[in-house]
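Taking it in order: structure first as structure tokens, then the write-up.
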Amino acid sequence: MDNLKIKKISARPRSKISLLRGREILDSKGMPTVEVELETDFGKFLASVPSGVSTGKYEAVELRDEDGRGVKKVIENIEKIIAPSLKQEDLSDQKRVDEALIQLDGTKNKSRLGANAVLGVSIATARAGAKAKKFPLWKWISKIAGIKPALPRPCILLLEGGLHGKGKLSLQEIMVACKTKSFRESFDREKKVFSALGKILKKRYGQLGSKQGMEGAFIPPVKNAKEALSLAKEAIEKVGFLGKAEIIIDAAANSFFKKGKYHFDGSILNSKDLLSFYLEIFQQYPITAIEDPFAEEDVKGWKFLRSKVKNLKLKILVVGDDLTVTNPERIKFAHQRKICNALIIKPNQIGTISEAIAAAKLAKLYGWKIIVSHRSGETKDDFIADFAVGIGSNFIKAGAPTQKERMAKYNRLLAIEKELVDSLGK
Ligand code: 2PG
Ligand code: MG
């Protein structure tokens with residue numbers, strides 16, 4: 001009898017789910033989100049899901065309860081629908097698990113189960129799969145993706161505006177990116193720029209100068225983009241990195257596009273006016289990338305910019321985020337119209353890790369650069385750090401080096417880099 005029991009236990013495949021549940025936690029904005037707990041007989045794996053404020057129309061659906069906040073329905077979907085269906089799945093077969101999740105949802109935009117339910121399970125599965133195969137997570141992701149891993153360059157957030165800053169500044173993000181031979185060195189340089197900016201702002205605006213936005217960056221009472229960009233440039237200059245540090249912008253233009261016009265820094269502009277403004281600031285500041293320069297429906301605006309950038313031989317990345325939403329169909333759409341040469345990858349815009357990988361691979365096929373990104377509502381989950389390395393992303397943006405939920409991602413990348421350096425030294 002005892003023998004039989006032992007046989008039965010040891011015959012059980014190791015990489016299956018013994019328990020899958022969800023619980024409500026709060027994100028960095030104080031909004032409920034879901035944390036998934038996946039138990040196996042070789043460990044327990046957690047994953048939590050972020051949430052954006054400036055979103056694209058084609059993003060997968062983030063399911064909420066009737067009050068528009070709660071995630072009770074999401075938890076119910078995880079425990080009552082997903083858990084029983086995944087019982088027999090092998091957690092080290094990420095593709096199959098993700099495929100099962102997609103089938104189970106059965107909609108084009110994850111509106112039945114919710115992309116937040118699906119992503120939590122998909123990430124927890126990746127963690128379990130990595131453990132089962134005895135790989136660090138980044139290496140496991142690179143194996144699943146069939147991509148050579150690489151450390152991304154950090155893009156630290158300096159100044160916030162738009163929906164994140166709630167001031168007069170229309171641009172949502174002004175970031176700094178330094179190119180050095182290591183992640184740590186780039187990060188250290190960018191942090192120096194951030195601190196220098198902090199000092200400049202305090203001197204200029206007093207207490208108001210140290211106020212922070214949703215992602216931990218500064219939200220000083222500037223009147224417009226040029227004032228904000230000049231402050232960023234001044235901070236770069238102050239620490240001696242002019243010529244060595246680049247400025248990256250996320251305009252998040254969807255958020256200031258109303259009835260065909262751009263309500264930008266107190267003026268009402270059409271696409272051509274906004275384009276002229278961009279060309280002007282490309283001349284005046286060391287800008288090398290601009291994300292969502294136009295609204296997702298203003299394809300003409302995007303086209304003007306891409307062709308100008310080409311004709312003038314400007315070294316500018318035109319980055320799709322709300323436009324492309326980590327969705328292969330939208331990426332194809334942008335490629336056919338030749339409107340981007342880079343994109344943002346955010347796993348929660350699409351729902352599963354396999355689909356996010358497919359989006360990254362398609363972008364690579366087109367020769368685009370990749371920026372893996374956090375969301376404005378974040379948790380302590382550092383998955384995107386491993387993910388960025390696993391898919392060989394060119395950049396990562398995870399906010400300012402201040403809040404814990406942002407630092408979790410940067411710290412994880414610093415640890416991965418050390419792990420890689422140590423293993424090369426052996
Ligand atoms: C963005 C993101 C992250 P949100 O637009 O790139 O900074 O913002 O998560 O609000 O969409
Ligand atoms: Mg964006």
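Order determines the names: the first chain of the structure tokens is A, the second B, and so forth; residues in each chain are numbered 1 upward, and ligands are numbered 1 upward as they are shown.
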
Taking only C-alpha atoms and all ligand atoms into account, produce a table as a tab-separated table in which each residue of chain A with an atom at most 7 Å from an atom of ligand 1 appears once, together with its shortest atom pair and the distance in Å to one decimal, ordered by chain and rising number.
residue	atom	partner	partner_atom_place_in_ligand_line	distance
A:Ser51	CA	ligand 1	9 (O)	6.1
A:Gly52	CA	ligand 1	9 (O)	3.2
A:Val53	CA	ligand 1	10 (O)	3.5
A:Ser54	CA	ligand 1	11 (O)	4.0
A:Thr55	CA	ligand 1	11 (O)	4.9
A:His164	CA	ligand 1	10 (O)	6.9
A:Asp250	CA	ligand 1	6 (O)	6.6
A:Ala252	CA	ligand 1	5 (O)	5.8
A:Asp321	CA	ligand 1	6 (O)	6.5
A:Ser373	CA	ligand 1	3 (C)	6.3
A:His374	CA	ligand 1	3 (C)	5.6
A:Arg375	CA	ligand 1	9 (O)	3.2
A:Ser376	CA	ligand 1	9 (O)	3.8
A:Gly377	CA	ligand 1	9 (O)	6.3
A:Gly399	CA	ligand 1	7 (O)	6.9

Checklist entry - Hey, what's within 6 Å of stretch 62-67 of chain A if we count only C-alpha atoms and toss same-chain stuff fewer than 3 positions away? As a PyMOL selection string, please? => result chain A and resi 70-71+114-116

Item to check | Contacts to ligand 2 at 12 Å cut-off (only C-alpha atoms and all ligand atoms) as a count of residues only | outcome: 54

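As for atom CA of A:Ile102 and atom CA of A:Pro149, they are spaced 26.3 Å apart.
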
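Distances from A:Val49, A:Leu20, A:Ile81, A:Leu312 to A:Lys380 were compared using only C-alpha atoms, and the smallest one belongs to A:Val49.
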
Checklist entry - Residues of stretch 226-384 of chain A in alpha helix (DSSP H) according to DSSP, as a PyMOL selection string? => result chain A and resi 226-238+271-284+299-311+328-336+353-365+383-384

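Across A:Gln88, A:Gln212, A:Thr33, A:Ser15, the tightest approach to A:Ala132 is made by A:Ser15 when counting only C-alpha atoms.
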
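Shell of A:Ile144 at 9 Å, with only C-alpha atoms counted and residues fewer than 5 places along the chain excluded, is A:Asp93, A:Gln94, A:Lys95, A:Lys139, A:Ser354, A:Ile357, A:Gly390.
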
Could you please take those selected residues and save all heavy atoms as a CSV table (one decimal), in the first residue's frame?
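Below you can see part-v1.csv, which holds the result:
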chain,number,residue,atom,x,y,z
A,93,ASP,N,5.9,24.4,-20.7
A,93,ASP,CA,5.5,24.7,-22.1
A,93,ASP,C,4.7,26.0,-22.2
A,93,ASP,O,3.5,26.0,-22.3
A,93,ASP,CB,4.6,23.5,-22.7
A,93,ASP,CG,4.5,23.5,-24.2
A,93,ASP,OD1,4.7,24.6,-24.8
A,93,ASP,OD2,4.1,22.5,-24.7
A,94,GLN,N,5.4,27.1,-22.2
A,94,GLN,CA,4.8,28.4,-22.1
A,94,GLN,C,3.9,28.7,-23.3
A,94,GLN,O,2.8,29.2,-23.1
A,94,GLN,CB,5.9,29.5,-22.1
A,94,GLN,CG,5.4,30.9,-22.0
A,94,GLN,CD,5.0,31.3,-20.5
A,94,GLN,OE1,5.6,30.8,-19.6
A,94,GLN,NE2,4.0,32.1,-20.4
A,95,LYS,N,4.3,28.3,-24.4
A,95,LYS,CA,3.5,28.5,-25.6
A,95,LYS,C,2.1,27.8,-25.5
A,95,LYS,O,1.1,28.4,-25.9
A,95,LYS,CB,4.2,27.9,-26.9
A,95,LYS,CG,4.5,29.0,-27.9
A,95,LYS,CD,5.1,28.4,-29.1
A,95,LYS,CE,4.9,29.5,-30.2
A,95,LYS,NZ,5.6,29.2,-31.4
A,139,LYS,N,17.0,33.9,-18.9
A,139,LYS,CA,17.5,32.9,-19.9
A,139,LYS,C,16.4,32.0,-20.4
A,139,LYS,O,16.3,31.7,-21.6
A,139,LYS,CB,18.5,32.1,-19.1
A,139,LYS,CG,19.5,31.4,-20.1
A,139,LYS,CD,20.5,30.6,-19.3
A,139,LYS,CE,21.9,30.8,-19.9
A,139,LYS,NZ,22.9,30.2,-19.1
A,354,SER,N,3.8,34.9,-24.6
A,354,SER,CA,4.0,34.4,-26.0
A,354,SER,C,3.7,35.5,-27.0
A,354,SER,O,4.4,35.7,-28.0
A,354,SER,CB,3.3,33.1,-26.2
A,354,SER,OG,3.7,32.1,-25.3
A,357,ILE,N,6.2,38.3,-27.0
A,357,ILE,CA,7.4,37.8,-27.7
A,357,ILE,C,7.2,37.9,-29.2
A,357,ILE,O,8.1,38.4,-29.9
A,357,ILE,CB,7.8,36.4,-27.2
A,357,ILE,CG1,8.3,36.4,-25.8
A,357,ILE,CG2,8.8,35.8,-28.2
A,357,ILE,CD1,8.6,35.0,-25.2
A,390,GLY,N,15.7,38.9,-21.9
A,390,GLY,CA,15.3,37.7,-22.6
A,390,GLY,C,15.0,37.9,-24.1
A,390,GLY,O,15.3,37.1,-24.9

From a DSSP pass on the backbone, collect the residues of stretch 109-355 of chain A flagged as strand (DSSP E) and hand them back as a JSON list (two decimals) with C-alpha atoms, in the first residue's frame.
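Final output, selection-v2.json:
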[["chain", "number", "residue", "atom", "x", "y", "z"],
["A", 153, "ARG", "CA", 20.00, 50.51, -22.04],
["A", 154, "PRO", "CA", 18.10, 52.23, -19.22],
["A", 155, "CYS", "CA", 16.02, 55.36, -19.92],
["A", 156, "ILE", "CA", 15.48, 57.16, -16.64],
["A", 157, "LEU", "CA", 12.51, 59.49, -16.43],
["A", 158, "LEU", "CA", 13.38, 63.09, -15.57],
["A", 159, "LEU", "CA", 10.19, 65.12, -16.05],
["A", 160, "GLU", "CA", 6.52, 64.19, -16.24],
["A", 173, "GLU", "CA", 7.69, 62.04, -20.42],
["A", 174, "ILE", "CA", 11.16, 63.50, -20.84],
["A", 175, "MET", "CA", 13.80, 60.83, -20.28],
["A", 176, "VAL", "CA", 17.58, 60.60, -20.39],
["A", 177, "ALA", "CA", 19.55, 57.73, -21.93],
["A", 178, "CYS", "CA", 23.31, 57.29, -21.72],
["A", 245, "ALA", "CA", 23.52, 61.79, -23.00],
["A", 246, "GLU", "CA", 20.42, 61.60, -25.15],
["A", 247, "ILE", "CA", 16.93, 62.90, -24.49],
["A", 248, "ILE", "CA", 13.97, 60.63, -25.22],
["A", 249, "ILE", "CA", 10.42, 61.95, -25.29],
["A", 250, "ASP", "CA", 7.06, 60.26, -24.87],
["A", 257, "PHE", "CA", -5.75, 65.08, -29.34],
["A", 258, "LYS", "CA", -9.35, 66.26, -29.44],
["A", 261, "LYS", "CA", -6.59, 69.02, -33.19],
["A", 262, "TYR", "CA", -3.71, 68.92, -30.75],
["A", 263, "HIS", "CA", -4.28, 70.90, -27.55],
["A", 264, "PHE", "CA", -0.61, 71.35, -26.85],
["A", 267, "SER", "CA", -2.20, 76.24, -28.07],
["A", 268, "ILE", "CA", -4.39, 74.46, -30.59],
["A", 269, "LEU", "CA", -2.28, 72.91, -33.34],
["A", 287, "ILE", "CA", 16.68, 64.29, -28.75],
["A", 288, "THR", "CA", 17.14, 60.83, -30.28],
["A", 289, "ALA", "CA", 13.69, 59.26, -29.91],
["A", 290, "ILE", "CA", 10.07, 60.36, -29.79],
["A", 291, "GLU", "CA", 7.26, 58.06, -28.70],
["A", 317, "LEU", "CA", 13.63, 56.88, -33.49],
["A", 318, "VAL", "CA", 9.92, 57.27, -34.13],
["A", 319, "VAL", "CA", 8.42, 54.99, -31.52],
["A", 320, "GLY", "CA", 4.95, 53.44, -31.50],
["A", 342, "ALA", "CA", 10.84, 51.50, -33.09],
["A", 343, "LEU", "CA", 8.18, 50.40, -30.63],
["A", 344, "ILE", "CA", 7.28, 49.99, -26.99],
["A", 345, "ILE", "CA", 6.64, 46.49, -25.71]]

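Of note, atom CA of A:Ala124 and atom CA of A:Ala47 are spaced 5.2 Å apart.
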
Checklist entry - Which polymer residues have any atom within 10 Å of an atom of A:Tyr205, counting only C-alpha atoms, with same-chain residues fewer than 5 positions away left out, as a list in words? => result Ile200, Ser210, Pro220, Pro221 and Val222 of chain A

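The closest residue to A:Glu190, picked from A:Gly240, A:Gly43, A:Gly392, A:Gly22 and counting only C-alpha atoms, is A:Gly240.
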
Checklist entry - Quick one: distance from atom CA of A:Lys148 to atom CA of A:Ala334 in Å, one decimal? => result 25.3 Å

Residues near A:Ile123, cut-off 9 Å, only C-alpha atoms, skip fewer than 4 positions along chain, as a PDB file with C-alpha atoms, in the first residue's frame:
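Result saved to around.pdb:
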ATOM      1  CA  VAL A  36      -1.527  35.670  -8.902  1.00  0.00           C
ATOM      2  CA  LEU A  46       3.839  35.100  -7.726  1.00  0.00           C
ATOM      3  CA  ALA A  47       3.027  37.620 -10.413  1.00  0.00           C
ATOM      4  CA  SER A  48       1.246  40.953 -10.297  1.00  0.00           C
ATOM      5  CA  VAL A 118      -4.443  36.261 -18.347  1.00  0.00           C
ATOM      6  CA  LEU A 119      -1.156  38.140 -17.892  1.00  0.00           C
ATOM      7  CA  ARG A 127       8.478  31.812 -13.452  1.00  0.00           C
ATOM      8  CA  ALA A 128       7.436  28.225 -12.763  1.00  0.00           C
ATOM      9  CA  THR A 352       0.307  36.740 -22.747  1.00  0.00           C
ATOM     10  CA  ILE A 353       4.081  36.429 -22.718  1.00  0.00           C
ATOM     11  CA  PHE A 383       9.198  40.645 -14.545  1.00  0.00           C
TER      12      PHE A 383
END

Next on the checklist: Report as a ChimeraX atom specification all protein, DNA and RNA residues lying within 10 Å of A:Trp138, evaluated on only C-alpha atoms, omitting residues in the same chain fewer than 2 positions from it.
Outcome noted: /A:126-127,130,135-136,140-144,149-150,383-392,413,416

Checklist entry - Any idea what's packed within 12 Å of A:Gly209, counting only C-alpha atoms, ignoring anything in its chain fewer than 5 positions away? Could you give it as a PyMOL selection string? => result chain A and resi 159+197-204+217-222+228+231

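Residue nearest A:Lys238 within the list A:Lys404, A:Lys192, A:Lys259, A:Lys223: A:Lys192 [criterion: smallest interatomic distance, only C-alpha atoms].
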